[in-house]
$ cat model01.cif   # mmCIF, C-alpha atoms
data_target
loop_
_atom_site.label_atom_id
_atom_site.label_comp_id
_atom_site.auth_asym_id
_atom_site.auth_seq_id
_atom_site.Cartn_x
_atom_site.Cartn_y
_atom_site.Cartn_z
CA MET A 1 -156.55 121.75 174.94
CA ILE A 2 -153.20 122.61 173.42
CA TRP A 3 -152.92 125.71 175.63
CA ASN A 4 -153.60 123.67 178.77
CA ALA A 5 -151.05 121.05 177.68
CA LEU A 6 -148.50 123.84 177.14
CA LEU A 7 -149.11 125.24 180.63
CA LEU A 8 -148.73 121.77 182.14
CA ALA A 9 -145.49 121.29 180.19
CA LEU A 10 -144.07 124.57 181.48
CA ARG A 11 -145.07 123.65 185.03
CA GLU A 12 -143.25 120.33 184.81
CA ILE A 13 -140.16 122.00 183.36
CA ARG A 14 -140.19 124.61 186.15
CA ARG A 15 -140.62 121.91 188.78
CA ASN A 16 -137.31 120.26 187.78
CA LEU A 17 -135.22 123.13 186.48
CA MET A 18 -131.82 121.47 186.88
CA ARG A 19 -132.93 118.27 185.20
CA SER A 20 -134.58 120.23 182.41
CA PHE A 21 -131.41 122.26 181.85
CA LEU A 22 -129.25 119.14 181.67
CA THR A 23 -131.79 117.59 179.30
CA ILE A 24 -131.63 120.44 176.78
CA LEU A 25 -127.86 120.88 177.08
CA GLY A 26 -127.22 118.61 174.11
CA ILE A 27 -129.68 120.59 171.99
CA VAL A 28 -128.09 123.86 173.11
CA ILE A 29 -124.60 122.68 172.18
CA GLY A 30 -125.77 121.23 168.87
CA VAL A 31 -127.69 124.31 167.73
CA SER A 32 -125.00 126.75 168.82
CA ALA A 33 -122.25 124.67 167.18
CA VAL A 34 -124.08 124.37 163.85
CA ILE A 35 -124.97 128.07 163.66
CA THR A 36 -121.49 129.19 164.77
CA MET A 37 -119.69 126.95 162.26
CA VAL A 38 -121.91 128.01 159.36
CA THR A 39 -121.77 131.71 160.27
CA LEU A 40 -117.98 131.76 160.62
CA GLY A 41 -117.67 129.73 157.42
CA ASN A 42 -119.80 132.25 155.53
CA GLY A 43 -117.69 135.06 156.96
CA ALA A 44 -114.50 133.31 155.85
CA THR A 45 -115.94 132.85 152.36
CA ARG A 46 -116.82 136.54 152.16
CA ALA A 47 -113.33 137.47 153.40
CA VAL A 48 -111.77 135.32 150.68
CA SER A 49 -113.93 136.96 148.01
CA ASP A 50 -113.09 140.44 149.29
CA GLN A 51 -109.37 139.70 149.35
CA ILE A 52 -109.43 138.30 145.83
CA SER A 53 -111.36 141.33 144.59
CA SER A 54 -108.74 143.57 146.21
CA LEU A 55 -106.21 142.18 143.73
CA GLY A 56 -108.07 143.98 140.99
CA SER A 57 -111.26 143.63 139.00
CA ASN A 58 -111.35 141.82 135.63
CA LEU A 59 -107.75 140.83 136.19
CA LEU A 60 -105.81 138.13 134.33
CA ILE A 61 -102.49 136.86 135.67
CA ILE A 62 -100.01 135.32 133.23
CA ARG A 63 -96.98 133.40 134.48
CA PRO A 64 -94.51 130.87 133.06
CA GLY A 65 -95.34 127.26 133.90
CA GLN A 66 -98.42 125.09 133.49
CA HIS A 67 -100.28 126.09 136.66
CA LEU A 68 -100.33 128.82 139.27
CA GLY A 69 -99.89 128.70 143.00
CA PRO A 70 -97.48 126.87 145.31
CA GLY A 71 -95.43 124.20 143.58
CA ARG A 72 -96.15 125.53 140.10
CA ASP A 73 -94.01 123.98 137.43
CA SER A 74 -92.02 126.78 135.80
CA ALA A 75 -88.81 124.81 135.25
CA GLY A 76 -87.78 125.01 131.62
CA SER A 77 -90.37 127.68 130.83
CA ALA A 78 -88.94 130.85 129.37
CA ALA A 79 -89.62 134.09 131.21
CA PHE A 80 -91.57 136.89 129.58
CA LYS A 81 -90.12 140.07 128.12
CA VAL A 82 -91.37 143.64 128.08
CA ALA A 83 -92.01 143.09 124.35
CA ASP A 84 -94.64 140.49 125.28
CA ALA A 85 -96.50 143.11 127.30
CA ASP A 86 -96.26 145.57 124.40
CA ALA A 87 -97.61 142.92 121.99
CA LEU A 88 -100.59 142.21 124.21
CA ARG A 89 -101.29 145.90 124.61
CA ASN A 90 -101.07 146.64 120.87
CA GLN A 91 -102.60 143.53 119.29
CA ILE A 92 -105.54 142.67 121.57
CA GLY A 93 -108.45 145.03 121.94
CA GLY A 94 -110.50 145.51 125.07
CA LEU A 95 -107.58 145.57 127.48
CA ALA A 96 -107.45 148.41 129.98
CA ALA A 97 -103.81 147.80 130.98
CA VAL A 98 -100.98 145.32 130.60
CA VAL A 99 -98.52 145.46 133.49
CA PRO A 100 -95.16 143.63 133.50
CA VAL A 101 -93.92 142.64 136.95
CA SER A 102 -90.52 141.47 138.14
CA SER A 103 -89.81 140.79 141.82
CA LYS A 104 -86.83 140.11 144.04
CA SER A 105 -86.41 139.77 147.80
CA VAL A 106 -83.68 142.00 149.24
CA THR A 107 -82.58 143.55 152.52
CA LEU A 108 -83.60 147.17 153.03
CA VAL A 109 -81.73 149.59 155.29
CA ALA A 110 -82.92 152.93 156.64
CA MET A 111 -82.27 154.91 159.82
CA SER A 112 -80.03 152.18 161.32
CA ARG A 113 -82.81 149.63 160.81
CA ASN A 114 -82.91 146.78 158.32
CA TRP A 115 -85.76 144.66 156.99
CA SER A 116 -86.10 141.95 154.33
CA ALA A 117 -88.90 142.59 151.87
CA GLY A 118 -89.92 141.96 148.29
CA VAL A 119 -89.09 144.63 145.72
CA THR A 120 -91.57 144.76 142.85
CA GLY A 121 -90.46 146.27 139.56
CA THR A 122 -93.39 147.36 137.48
CA SER A 123 -95.07 150.24 135.66
CA ARG A 124 -97.21 152.98 137.18
CA GLU A 125 -100.34 151.22 135.86
CA TRP A 126 -99.70 148.51 138.46
CA PHE A 127 -101.16 150.73 141.19
CA SER A 128 -104.53 151.22 139.50
CA THR A 129 -104.70 147.65 138.23
CA GLY A 130 -104.09 146.23 141.70
CA LYS A 131 -106.43 148.76 143.37
CA TRP A 132 -103.67 150.30 145.47
CA GLN A 133 -104.41 153.55 147.27
CA LEU A 134 -101.85 156.15 148.38
CA VAL A 135 -101.73 157.48 151.92
CA SER A 136 -99.19 160.13 151.04
CA GLY A 137 -96.81 161.07 148.24
CA ARG A 138 -97.18 159.94 144.65
CA VAL A 139 -96.36 157.09 142.25
CA PHE A 140 -93.46 157.29 139.81
CA ASN A 141 -94.13 159.19 136.60
CA GLU A 142 -93.47 158.24 132.99
CA ALA A 143 -90.05 159.90 132.86
CA GLU A 144 -88.86 158.09 136.00
CA GLU A 145 -90.24 154.83 134.66
CA ARG A 146 -88.52 155.24 131.29
CA ALA A 147 -85.20 156.22 132.87
CA GLY A 148 -85.30 153.52 135.56
CA ALA A 149 -84.92 156.14 138.29
CA ALA A 150 -84.09 155.08 141.84
CA VAL A 151 -87.46 156.02 143.32
CA CYS A 152 -89.87 153.78 145.20
CA VAL A 153 -93.26 153.50 146.85
CA VAL A 154 -93.38 151.49 150.08
CA GLY A 155 -96.07 149.46 151.84
CA GLU A 156 -97.27 149.94 155.39
CA THR A 157 -95.22 147.07 156.82
CA VAL A 158 -91.99 148.42 155.34
CA ARG A 159 -92.79 151.88 156.72
CA ARG A 160 -93.43 150.49 160.20
CA GLU A 161 -90.29 148.34 160.29
CA LEU A 162 -87.91 150.95 158.85
CA PHE A 163 -89.34 154.31 159.89
CA GLY A 164 -91.61 153.58 162.84
CA ARG A 165 -94.33 156.22 162.97
CA LEU A 166 -92.48 158.69 160.74
CA ASP A 167 -93.68 159.62 157.27
CA PRO A 168 -91.24 157.92 154.88
CA VAL A 169 -91.95 160.21 151.91
CA GLY A 170 -88.82 162.12 150.95
CA ARG A 171 -86.48 159.84 152.91
CA GLN A 172 -83.89 157.42 151.57
CA ILE A 173 -83.80 153.62 151.64
CA ARG A 174 -80.71 151.60 150.77
CA VAL A 175 -81.75 148.74 148.54
CA LYS A 176 -78.88 146.32 148.22
CA GLN A 177 -75.99 148.53 146.98
CA PHE A 178 -77.90 151.64 145.92
CA SER A 179 -79.97 154.33 147.56
CA CYS A 180 -83.61 154.85 146.65
CA GLU A 181 -85.84 157.84 147.40
CA VAL A 182 -89.27 157.09 148.89
CA ILE A 183 -91.85 159.07 146.94
CA GLY A 184 -95.07 157.44 148.17
CA LEU A 185 -96.72 155.37 150.90
CA LEU A 186 -99.39 152.77 150.07
CA ALA A 187 -102.54 152.23 152.10
CA SER A 188 -102.63 148.95 154.01
CA LYS A 189 -104.27 145.89 152.45
CA GLY A 190 -103.45 143.35 155.17
CA GLN A 191 -102.87 139.66 154.58
CA SER A 192 -103.74 137.97 151.33
CA THR A 193 -105.83 134.82 151.00
CA MET A 194 -102.65 132.74 151.03
CA GLY A 195 -101.53 134.34 154.30
CA ASN A 196 -98.90 136.64 152.76
CA ASP A 197 -98.48 140.20 153.98
CA GLN A 198 -99.48 142.38 151.03
CA ASP A 199 -98.02 145.48 152.71
CA ASP A 200 -94.50 144.05 152.94
CA LEU A 201 -93.32 145.42 149.61
CA VAL A 202 -91.45 148.14 147.79
CA ALA A 203 -92.58 149.14 144.29
CA MET A 204 -90.00 150.57 141.86
CA PRO A 205 -89.84 151.25 138.12
CA LEU A 206 -89.31 147.99 136.22
CA ARG A 207 -86.10 149.16 134.52
CA ALA A 208 -84.56 150.09 137.87
CA VAL A 209 -85.20 146.60 139.24
CA GLN A 210 -83.95 144.89 136.08
CA ARG A 211 -80.83 147.03 135.88
CA ARG A 212 -79.87 147.17 139.58
CA LEU A 213 -81.30 144.00 141.16
CA THR A 214 -82.14 141.14 138.80
CA GLY A 215 -79.50 141.92 136.17
CA SER A 216 -81.75 140.70 133.34
CA VAL A 217 -84.62 141.92 131.20
CA ASP A 218 -86.86 138.99 132.18
CA VAL A 219 -90.39 139.60 133.40
CA ALA A 220 -91.83 137.11 135.87
CA THR A 221 -95.52 138.02 135.59
CA LEU A 222 -97.86 139.86 133.25
CA MET A 223 -100.98 141.38 134.82
CA VAL A 224 -103.73 142.17 132.33
CA SER A 225 -106.73 144.30 133.26
CA VAL A 226 -109.75 143.75 131.00
CA ARG A 227 -112.27 146.49 130.33
CA ASP A 228 -115.75 146.11 131.81
CA ASP A 229 -117.38 145.96 128.36
CA THR A 230 -115.10 143.12 127.21
CA SER A 231 -115.61 139.40 127.82
CA ILE A 232 -112.88 138.04 130.09
CA ASP A 233 -113.17 134.59 128.53
CA MET A 234 -112.69 136.01 125.03
CA ALA A 235 -109.74 138.12 126.16
CA LYS A 236 -108.22 135.07 127.85
CA GLU A 237 -108.56 133.04 124.65
CA GLN A 238 -106.96 135.78 122.53
CA ILE A 239 -104.11 136.17 125.02
CA THR A 240 -103.49 132.42 124.96
CA TRP A 241 -103.28 132.30 121.16
CA LEU A 242 -100.99 135.32 120.97
CA MET A 243 -98.66 134.02 123.66
CA ARG A 244 -98.50 130.60 122.01
CA GLU A 245 -97.52 132.30 118.77
CA ARG A 246 -94.86 134.47 120.41
CA ARG A 247 -93.43 131.51 122.34
CA HIS A 248 -93.42 129.29 119.23
CA ILE A 249 -95.62 126.56 120.69
CA GLY A 250 -96.76 124.01 118.12
CA PRO A 251 -100.43 123.05 117.56
CA GLY A 252 -100.16 119.79 119.47
CA ASP A 253 -97.92 121.04 122.27
CA ASN A 254 -99.02 122.09 125.75
CA ASP A 255 -98.78 125.69 126.90
CA ASP A 256 -95.66 126.56 128.89
CA PHE A 257 -97.48 129.45 130.57
CA SER A 258 -100.63 129.92 132.63
CA VAL A 259 -103.46 132.43 132.25
CA MET A 260 -105.75 132.63 135.26
CA ASP A 261 -108.32 135.22 136.19
CA THR A 262 -109.19 136.28 139.70
CA ARG A 263 -112.72 134.88 139.29
CA GLN A 264 -111.32 131.35 139.08
CA ILE A 265 -109.16 131.91 142.15
CA ALA A 266 -112.14 133.27 144.08
CA GLU A 267 -114.41 130.40 143.00
CA THR A 268 -111.81 127.79 143.91
CA LEU A 269 -111.04 129.19 147.34
CA SER A 270 -114.69 129.97 148.11
CA GLY A 271 -115.66 126.44 147.09
CA THR A 272 -113.07 125.04 149.47
CA THR A 273 -114.31 127.11 152.41
CA LYS A 274 -117.93 126.14 151.64
CA VAL A 275 -117.04 122.43 151.67
CA MET A 276 -115.22 122.82 154.98
CA THR A 277 -118.18 124.76 156.40
CA GLY A 278 -120.56 121.99 155.34
CA LEU A 279 -118.38 119.30 156.91
CA LEU A 280 -118.02 121.18 160.19
CA GLY A 281 -121.75 121.88 160.28
CA ALA A 282 -122.53 118.19 159.70
CA VAL A 283 -120.20 117.15 162.51
CA ALA A 284 -121.77 119.70 164.83
CA ALA A 285 -125.26 118.47 163.89
CA VAL A 286 -124.47 115.05 165.38
CA SER A 287 -124.71 116.61 168.84
CA LEU A 288 -128.35 117.45 168.04
CA LEU A 289 -129.07 113.74 167.78
CA VAL A 290 -127.30 113.20 171.09
CA GLY A 291 -129.51 115.90 172.59
CA GLY A 292 -132.59 114.17 171.17
CA ILE A 293 -131.59 110.90 172.82
CA GLY A 294 -131.21 112.81 176.09
CA ILE A 295 -134.74 114.18 175.75
CA MET A 296 -136.12 110.70 175.07
CA ASN A 297 -134.35 109.32 178.13
CA ILE A 298 -135.66 112.02 180.45
CA MET A 299 -139.19 111.77 179.06
CA LEU A 300 -139.20 108.03 179.67
CA VAL A 301 -138.11 108.70 183.26
CA SER A 302 -140.84 111.32 183.57
CA VAL A 303 -143.47 108.86 182.36
CA THR A 304 -142.33 106.36 184.97
CA GLU A 305 -142.40 108.96 187.74
CA ARG A 306 -145.85 110.21 186.75
CA THR A 307 -147.52 106.84 186.11
CA ARG A 308 -150.07 107.35 188.91
CA GLU A 309 -150.91 110.86 187.67
CA ILE A 310 -151.44 109.50 184.16
CA GLY A 311 -153.67 106.73 185.55
CA ILE A 312 -155.84 109.25 187.40
CA ARG A 313 -156.25 111.38 184.27
CA LEU A 314 -157.21 108.39 182.17
CA ALA A 315 -159.60 107.13 184.88
CA ILE A 316 -161.54 110.41 185.04
CA GLY A 317 -162.02 110.54 181.28
CA ALA A 318 -158.88 111.88 179.65
CA LEU A 319 -158.41 110.53 176.12
CA GLU A 320 -155.25 108.76 175.00
CA ARG A 321 -154.56 111.43 172.42
CA GLU A 322 -154.71 114.11 175.12
CA VAL A 323 -152.10 112.31 177.21
CA LEU A 324 -150.03 111.75 174.07
CA LEU A 325 -150.28 115.43 173.19
CA GLN A 326 -149.28 116.54 176.68
CA PHE A 327 -146.05 114.56 176.77
CA LEU A 328 -145.29 115.37 173.14
CA ILE A 329 -145.67 119.09 173.84
CA GLU A 330 -143.36 118.75 176.86
CA ALA A 331 -140.68 117.21 174.65
CA VAL A 332 -141.13 119.88 171.97
CA VAL A 333 -141.02 122.70 174.54
CA LEU A 334 -137.78 121.30 175.99
CA ALA A 335 -136.20 121.01 172.56
CA SER A 336 -137.42 124.47 171.51
CA LEU A 337 -136.02 126.07 174.66
CA GLY A 338 -132.72 124.42 173.85
CA GLY A 339 -132.93 125.85 170.33
CA VAL A 340 -133.58 129.39 171.61
CA VAL A 341 -130.71 129.26 174.11
CA GLY A 342 -128.47 127.75 171.41
CA ILE A 343 -129.25 130.60 169.00
CA ILE A 344 -128.40 133.19 171.67
CA LEU A 345 -125.10 131.49 172.49
CA ALA A 346 -124.31 131.03 168.80
CA THR A 347 -124.84 134.73 168.09
CA ALA A 348 -122.43 135.71 170.85
CA ALA A 349 -119.89 133.06 169.80
CA SER A 350 -120.14 134.05 166.13
CA ILE A 351 -119.57 137.74 166.83
CA GLY A 352 -116.59 136.94 169.06
CA GLY A 353 -115.17 134.36 166.66
CA ALA A 354 -115.51 136.69 163.67
CA ALA A 355 -113.59 139.37 165.55
CA LEU A 356 -110.81 136.92 166.47
CA MET A 357 -110.57 135.51 162.93
CA HIS A 358 -110.77 138.98 161.35
CA VAL A 359 -113.66 137.96 159.11
CA PRO A 360 -117.00 139.77 158.72
CA TYR A 361 -119.94 138.66 160.85
CA LEU A 362 -122.80 137.76 158.52
CA PHE A 363 -126.13 137.05 160.19
CA ASN A 364 -127.84 134.22 158.34
CA PRO A 365 -131.57 134.05 159.20
CA SER A 366 -132.00 130.84 157.21
CA ILE A 367 -129.57 128.76 159.25
CA ASN A 368 -130.98 130.19 162.50
CA LEU A 369 -134.57 129.31 161.56
CA LEU A 370 -133.49 125.93 160.19
CA SER A 371 -131.60 125.07 163.37
CA PHE A 372 -134.56 126.10 165.55
CA GLY A 373 -136.98 124.10 163.40
CA PHE A 374 -134.66 121.10 163.49
CA SER A 375 -134.43 121.28 167.28
CA ALA A 376 -138.25 121.33 167.52
CA ALA A 377 -138.42 118.38 165.12
CA ILE A 378 -135.95 116.53 167.37
CA GLY A 379 -138.42 117.04 170.22
CA VAL A 380 -141.26 115.57 168.15
CA ILE A 381 -139.23 112.59 166.92
CA PHE A 382 -137.60 111.61 170.19
CA GLY A 383 -140.56 112.61 172.35
CA TYR A 384 -143.11 110.48 170.49
CA VAL A 385 -142.05 107.12 171.96
CA PRO A 386 -142.32 108.25 175.62
CA ALA A 387 -145.59 110.07 174.86
CA ARG A 388 -147.03 106.99 173.16
CA ARG A 389 -145.99 104.85 176.10
CA ALA A 390 -147.73 107.21 178.51
CA ALA A 391 -150.92 107.29 176.41
CA ARG A 392 -151.14 103.48 176.28
CA LEU A 393 -150.87 102.90 180.02
CA ASP A 394 -153.66 100.80 181.52
CA PRO A 395 -155.51 103.11 183.96
CA ILE A 396 -156.02 100.32 186.51
CA GLU A 397 -152.37 99.28 186.49
CA ALA A 398 -151.31 102.93 186.56
CA LEU A 399 -153.44 103.61 189.66
CA ARG A 400 -151.83 100.64 191.42
CA HIS A 401 -148.34 102.02 190.68
CA GLU A 402 -146.46 103.24 193.74
#

$ encode --input "model01.cif" --output "structure tokens"
Amino acid sequence: MIWNALLLALREIRRNLMRSFLTILGIVIGVSAVITMVTLGNGATRAVSDQISSLGSNLLIIRPGQHLGPGRDSAGSAAFKVADADALRNQIGGLAAVVPVSSKSVTLVAMSRNWSAGVTGTSREWFSTGKWQLVSGRVFNEAEERAGAAVCVVGETVRRELFGRLDPVGRQIRVKQFSCEVIGLLASKGQSTMGNDQDDLVAMPLRAVQRRLTGSVDVATLMVSVRDDTSIDMAKEQITWLMRERRHIGPGDNDDFSVMDTRQIAETLSGTTKVMTGLLGAVAAVSLLVGGIGIMNIMLVSVTERTREIGIRLAIGALEREVLLQFLIEAVVLASLGGVVGIILATAASIGGAALMHVPYLFNPSINLLSFGFSAAIGVIFGYVPARRAARLDPIEALRHE
């Protein structure tokens, strides 16, 4: 019985192809929109996690001020010193590296070209802590770091803007009023989660930057890498107590510095993208309801058009439940076809959108199956009323219908 009802449903759909297509269009748009939004949202979340992990694993970032990020309040907060980094390194166990960082934006000149970029003064441990890879050359050694030598390692953006396609290693860059030898080229990392170009930088020994650019011994940031066998939370607590002691903060006073680990940043940003994905998916799901209303409307029209056919079937012995099942199956088949077409379109749109957004394409079987099941459920829900109306027709009145 079900097989015969399915064949009849397919015959009716084939008889009015254009009307059937317009009927399922709402379902197609709804399913494809939901799947595309969720897939791209998952890809964006993965991209955020990957970018945060590229900053370094088990990494703690310490800065003056009470919170990190744009608009952080660092006014009145004293900068760090190299001695603070030494104290952390010597007095707290379980730390793989403590890296002081001082930055300044300057204009770089090389080969009749100029480019504004950020110069980062740091130690050689900064490269391993931040997971930087070298394309060519080397990083500065201990002697160059201790002497504050005028050597530097450049990012891909600086290389492209100043040297074009040439290898910059061994060439000179004028940084403000002094000349600096390029000894290494960093592999590209691309944009950060905040939209900043991570390759637009020049790394130099900290003493060189302090002596030649900033004119002070202040350190803007301390990057702390925690060993894998050490609890990050415990290390964070020990760092907080030590820094409070060194900065003479009383028991009841608030910290004038911030300690944040990359896990918190990743969780915060990933949580934001997940909320946005959920909202976009919910908005897109509204079109599924619109598609369901379209199916109900067309099925009601179909019942009216086929009143005489229904009367004949009932007159020759067809049961009400058989008529009900036939029209219900027609509605479900329409909705399911819309779900299948929507999944196909969503796959193509997701692959294209992921490429345009530069995020990974992550196929999610759960959302695809859920969307298909929801589209079929829409057919059942919105197809029941027309099917029930057809099943309850009076055979005599139906036969008289013109």

$ closest_residue --input "model01.cif" --among "A:Val341, A:Leu324, A:Ile29, A:Ile249" --to "A:Val385" --atoms "all atoms listed in the file"
A:Leu324

$ resolve_selection --input "model01.cif" --expression "the PyMOL selection byres ((chain A and resi 111) around 8)" --output "list in words"
Val109, Ala110, Ser112, Arg113, Leu162 and Phe163 of chain A

$ resolve_selection --input "model01.cif" --expression "the PyMOL selection byres ((chain A and resi 171-188) around 7)" --output "ChimeraX atom specification"
/A:106-110,132-139,150-156,168-170,189-190,199

$ residues_near_point --input "model01.cif" --point "(-128.5, 113.7, 172.7)" --cutoff "9 Å" --atoms "all atoms listed in the file" --output "ChimeraX atom specification"
/A:23-27,30,286-296

$ atom_distance --input "model01.cif" --atom1 "atom CA of A:Ser366" --atom2 "atom CA of A:Leu345"
16.8 Å

$ closest_residue --input "model01.cif" --among "A:Ala85, A:Ala44, A:Met223, A:Ala147" --to "A:Trp126" --atoms "all atoms listed in the file"
A:Met223

$ residues_around --input "model01.cif" --residues "A:Asp218" --least-positions-apart "3" --cutoff "6 Å" --atoms "all atoms listed in the file" --output "NGL selection string"
:A and (79-81)

$ write_last_selection --input "model01.cif" --atoms "C-alpha atoms" --output "CSV table (one decimal), in the coordinates of the input"
chain,number,residue,atom,x,y,z
A,79,ALA,CA,-89.6,134.1,131.2
A,80,PHE,CA,-91.6,136.9,129.6
A,81,LYS,CA,-90.1,140.1,128.1

$ atom_distance --input "model01.cif" --atom1 "atom CA of A:Ser302" --atom2 "atom CA of A:Glu322"
16.5 Å

$ resolve_selection --input "model01.cif" --expression "the PyMOL selection byres ((chain A and resi 277) around 8)" --output "ChimeraX atom specification"
/A:37-38,41-42,273-276,278-281

$ residues_around --input "model01.cif" --residues "stretch 354-360 of chain A" --least-positions-apart "5" --cutoff "8 Å" --atoms "all atoms listed in the file" --output "list in words"
Leu40, Gly43, Ala44, Arg46 and Ala47 of chain A

$ atom_distance --input "model01.cif" --atom1 "atom CA of A:Gly342" --atom2 "atom CA of A:Glu330"
18.2 Å

$ closest_residue --input "model01.cif" --among "A:Ala117, A:Val226, A:Val48, A:Ile61" --to "A:Ala96" --atoms "all atoms listed in the file"
A:Val226

$ closest_residue --input "model01.cif" --among "A:Ile344, A:Val224, A:Met204, A:Ile298" --to "A:Ala149" --atoms "all atoms listed in the file"
A:Met204

$ build_atoms --input "model01.cif" --residues "stretch 217-239 of chain A" --atoms "N, CA and C atoms" --output "JSON list (two decimals), keeping the file's coordinate frame"
[["chain", "number", "residue", "atom", "x", "y", "z"],
["A", 217, "VAL", "N", -83.43, 141.24, 131.71],
["A", 217, "VAL", "CA", -84.62, 141.92, 131.20],
["A", 217, "VAL", "C", -85.85, 141.00, 131.28],
["A", 218, "ASP", "N", -85.73, 139.92, 132.05],
["A", 218, "ASP", "CA", -86.86, 138.99, 132.18],
["A", 218, "ASP", "C", -87.98, 139.61, 133.00],
["A", 219, "VAL", "N", -89.19, 139.20, 132.67],
["A", 219, "VAL", "CA", -90.39, 139.60, 133.40],
["A", 219, "VAL", "C", -91.06, 138.35, 133.94],
["A", 220, "ALA", "N", -91.30, 138.32, 135.24],
["A", 220, "ALA", "CA", -91.83, 137.11, 135.87],
["A", 220, "ALA", "C", -93.33, 136.96, 135.68],
["A", 221, "THR", "N", -94.06, 138.07, 135.64],
["A", 221, "THR", "CA", -95.52, 138.02, 135.59],
["A", 221, "THR", "C", -96.04, 139.14, 134.71],
["A", 222, "LEU", "N", -97.13, 138.84, 134.00],
["A", 222, "LEU", "CA", -97.86, 139.86, 133.25],
["A", 222, "LEU", "C", -99.26, 139.95, 133.84],
["A", 223, "MET", "N", -99.63, 141.14, 134.29],
["A", 223, "MET", "CA", -100.98, 141.38, 134.82],
["A", 223, "MET", "C", -101.77, 142.15, 133.78],
["A", 224, "VAL", "N", -102.91, 141.58, 133.40],
["A", 224, "VAL", "CA", -103.73, 142.17, 132.33],
["A", 224, "VAL", "C", -105.08, 142.55, 132.91],
["A", 225, "SER", "N", -105.43, 143.81, 132.81],
["A", 225, "SER", "CA", -106.73, 144.30, 133.26],
["A", 225, "SER", "C", -107.65, 144.42, 132.05],
["A", 226, "VAL", "N", -108.80, 143.77, 132.11],
["A", 226, "VAL", "CA", -109.75, 143.75, 131.00],
["A", 226, "VAL", "C", -110.83, 144.79, 131.24],
["A", 227, "ARG", "N", -111.21, 145.49, 130.20],
["A", 227, "ARG", "CA", -112.27, 146.49, 130.33],
["A", 227, "ARG", "C", -113.60, 145.85, 130.71],
["A", 228, "ASP", "N", -114.47, 146.63, 131.34],
["A", 228, "ASP", "CA", -115.75, 146.11, 131.81],
["A", 228, "ASP", "C", -116.65, 145.66, 130.66],
["A", 229, "ASP", "N", -116.52, 146.30, 129.50],
["A", 229, "ASP", "CA", -117.38, 145.96, 128.36],
["A", 229, "ASP", "C", -116.80, 144.83, 127.50],
["A", 230, "THR", "N", -115.75, 144.18, 127.97],
["A", 230, "THR", "CA", -115.10, 143.12, 127.21],
["A", 230, "THR", "C", -115.23, 141.79, 127.95],
["A", 231, "SER", "N", -115.50, 140.73, 127.23],
["A", 231, "SER", "CA", -115.61, 139.40, 127.82],
["A", 231, "SER", "C", -114.23, 138.92, 128.30],
["A", 232, "ILE", "N", -114.15, 138.53, 129.55],
["A", 232, "ILE", "CA", -112.88, 138.04, 130.09],
["A", 232, "ILE", "C", -112.49, 136.73, 129.42],
["A", 233, "ASP", "N", -113.47, 135.87, 129.15],
["A", 233, "ASP", "CA", -113.17, 134.59, 128.53],
["A", 233, "ASP", "C", -112.61, 134.79, 127.12],
["A", 234, "MET", "N", -113.19, 135.74, 126.37],
["A", 234, "MET", "CA", -112.69, 136.01, 125.03],
["A", 234, "MET", "C", -111.29, 136.60, 125.08],
["A", 235, "ALA", "N", -111.07, 137.53, 126.01],
["A", 235, "ALA", "CA", -109.74, 138.12, 126.16],
["A", 235, "ALA", "C", -108.72, 137.05, 126.55],
["A", 236, "LYS", "N", -109.12, 136.15, 127.42],
["A", 236, "LYS", "CA", -108.22, 135.07, 127.85],
["A", 236, "LYS", "C", -107.86, 134.17, 126.67],
["A", 237, "GLU", "N", -108.83, 133.88, 125.82],
["A", 237, "GLU", "CA", -108.56, 133.04, 124.65],
["A", 237, "GLU", "C", -107.62, 133.74, 123.67],
["A", 238, "GLN", "N", -107.84, 135.04, 123.44],
["A", 238, "GLN", "CA", -106.96, 135.78, 122.53],
["A", 238, "GLN", "C", -105.54, 135.88, 123.08],
["A", 239, "ILE", "N", -105.43, 136.09, 124.39],
["A", 239, "ILE", "CA", -104.11, 136.17, 125.02],
["A", 239, "ILE", "C", -103.38, 134.84, 124.87]]
